[in-house]
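Q: If you scroll down you'll find the structure; I have some questions about it.
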Amino acid sequence: MDTRKRLVLTDHTLSVLTEKLGYPKLQDWQVTLTKHILDGKDVVLTAGTGCGKTTLLFAPLLAFRLEDPMAIGLSITPTKALGRDQVCRSPFSVVAILRPFQERSAMLKGIPAVAINEDTASRASSNEHRDLVNEAINGEYGLVIVSPEMLTSNRFKPLLNNQKFRDRLRLVFIDECHLVEEQGSDFRPRYKEIGQLRHRLPSFIPWIAVSATLPNDQTFNQVMVSLGFNPGCYIYNHLPIDNPNICYLPQFFEHPISGSTFLDITWLIPSTITSAADITKSLIFCNTINLGTRVYRFLQKLLPQPLHSNEVVLPYHSLISDEGRLHVMERFRSGATRIVVASDCFTWGVDVPDIRQVIVFDLPSSFSKLVQQIGRAGRDKEQAYAITYAPPWVKDINKDPDDLTKREATDLHRREKMCQVLRAWFNPPLTSCPREVFCIHFGDKPSHPTNCCIKHNLVLPNMVPEQSRVMAFTPKRTKGSGLRSDGTYAPFATKKDGLLRDAISDMISTWTRRTWDEVRKKNSLLPPTSFLSQELQDHLCERFHVITSIENLSSLLGDWPLLEQHKTRLFSFCQEALKGLDDLRKEMREKYEVRDREESEMEKGHSLKIRIPIQPKTRRDESEGEGLEDGEPPKKRRCKEL
Ligand SMILES: [Zn+2]
């Protein structure tokens with residue numbers, strides 16, 4: 001039975017809390033919800049980024065600790081990849097800046113806090129022989145911030161089962177609670193297990209769930225059920241999620257993003273700039289580190305020479321060292337760095353208030369991810385822009401379904417399968433706009449501020465690429481060459497090029513076999529496909545035309561475990577083969593043209609000559625002597641026989 005004494009928020013306690021939290025005044029909703037929590041009630045809050053949602057963690061926890069200095073709070077947060085070295089306990093140190101936001105905030109408010117996830121736990125145990133879980137059991141902390149993975153692991157069980165800890169536990173706080181149901185989220189499987197924790201903890205402990213991107217539809221109810229919030233038994237508060245100072249500008253790519261040139265964003269660095277300050281402070285989100293690196297390199301190329309070495313543009317992702325990321329963040333905060341090309345890890349815990357433009361470069365996996373990312377713009381409440389790019393297939397077309405080409409029908413099928421809110425964001429109904437799509441999704445009252453969106457706006461950034469730039473980055477085309485503006489070739493997949501495709505397939509299997517012969521263990525009887533699977537070979541064949549950079553090759557064969565070892569060699573093979581194939585295509589096309597003109601010559605045909613890049617022959621090649629000679633087109637049959 002719940003015999004715990006409820007806390008009442010007196011005026012005196014309130015003024016102490018306000019002072020400790022460092023605010024001039026707590027907002028009414030913060031006071032009301034804190035009272036409910038102190039009264040043991042569960043609370044759910046949806047509110048936009050930067051609204052002070054974590055006050056619902058700190059205010060009640062501080063109040064509980066005023067009454068009992070041993071009181072403890074448990075916060076469940078996606079802190080993956082944010083865990084920091086625990087040696088340094090000062091919240092003001094350099095290392096501490098990279099600590100999870102809540103841990104830093106708690107320490108600044110006088111609550112000893114610890115973030116326990118895989119990284120921090122392993123690091124503390126191997127570097128300092130410390131056991132963070134044990135320290136928490138011994139009451140060294142007032143706040144334990146835990147990742148969902150750690151929460152549900154055996155390593156954490158001793159803490160949850162410890163009677164002293166359970167006696168001292170006063171609240172459970174769940175950050176980013178939408179992740180419980182978010183499709184495609186890495187955190188989702190673990191977040192779904194959080195609800196089970198309820199049965200293991202005393203029932204009178206209040207649970208608080210907050211999110212800036214929890215939609216107002218059936219997902220809301222699903223999240224509540226998963227977290228064990230029973231209907232009618234919790235207090236729900238919704239604050240507007242929409243930020244009126246952000247202008248929403250959904251766009252479609254007009255240029256490909258598979259190569260190393262990104263003409264759609266040349267406008268970010270106008271050719272007229274004379275100093276770094278002329279570049280608007282922008283944050284670009286890319287879905288993969290690979291794409292981010294290519295975008296970063298491209299922007300770097302756009303800078304005038306004197307700015308090249310000034311770190312005006314910098315990348316930010318999880319493979320960069322802690323110190324490196326801190327360096328980027330400090331430069332970006334100070335404004336010395338004007339553009340950061342980031343992966344998703346910039347979304348958590350990084351606070352740079354004056355980002356004027358957020359560019360979401362490529363389609364995110366969900367609408368809530370997109371909202372998290374664009375929420376980084378204009379946190380200082382000044383005018384900011386959210387520019388989100390989608391590939392052309394996302395664009396709805398007004399056409400009778402019976403009249404669709406095969407390609408259009410495929411695109412339609414993809415659109416029907418994609419997240420429909422994202423689809424509506426990029427294709428808002430005629431009478432609506434992206435902001436309305438946003439507001440309706442989150443249950444906000446739709447409004448149209450001065451610079452609302454792509455449809456209702458007064459001032460827009462000039463997003464048209466300068467013609468001189470487009471020309472500069474468009475490779476000169478030789479007659480009939482298949483090289484496209486992004487530096488990749490046109491696919492070798494047309495009817496006329498059918499023969500070329502077969503040739504590519506043969507070349508790849510020959511390369512695979514030869515390389516396998518060289519690298520396999522002497523007695524290995526495994527086939528060459530154990531080295532590079534047929535599936536990957538087919539994939540390579542299908543996309544062979546884009547392998548004009550090693551980055552493209554890496555992203556194409558990202559699933560190949562031996563990529564790092566063999567990529568240079570495979571790339572040089574591809575380079576040479578591509579050139580040969582393109583020349584051949586040119587030659588063939590010219591011949592086709594001639595043939596079309598002079599039908600009488602059709603009978604004569606033409607001989608195919610494909611130059612296969614040669615690797616140094618190995619002993620096995622010689623001994624087996626299966627005779628693939630330079631200049632001779634390999635035959636598929638031969639590969640199968642081997
Ligand atoms: Zn609008």
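FYI, nothing fancy with the structure tokens labels: chains A, B, ... in order, residues from 1 per chain, ligands from 1 as they appear.
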Leu526 (chain A): which residues within 12 Å, counting only C-alpha atoms, same-chain residues fewer than 5 positions away excluded, as a ChimeraX atom specification?
A: /A:513,516-517,519-521,531-533,642
Q: Enumerate the residues of region 132-175 of chain A with a DSSP assignment of helix (DSSP H, G or I), computed from the backbone, and present them as JSON, numbers by chain.
A: {"A": [132, 133, 134, 135, 136, 137, 148, 149, 150, 151, 157, 158, 159, 160, 161, 163, 164, 165, 166, 167, 168]}
Q: Which residue out of A:Thr261, A:Thr450, A:Thr34, A:Ser549 has the minimum interatomic distance to ligand 1 when only C-alpha atoms and all ligand atoms are used?
A: A:Thr450
Q: What residues of the protein or nucleic acid chains come within 7 Å of ligand 1 when you use only C-alpha atoms and all ligand atoms? Reply as JSON, numbers by chain.
A: {"A": [433, 434, 435, 436, 448, 452, 453, 454, 455, 456]}
Q: CA of Leu536 (chain A) and CA of Leu553 (chain A) are how many Å apart?
A: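 CA of Leu553 (chain A) lies 11.6 Å from CA of Leu536 (chain A).
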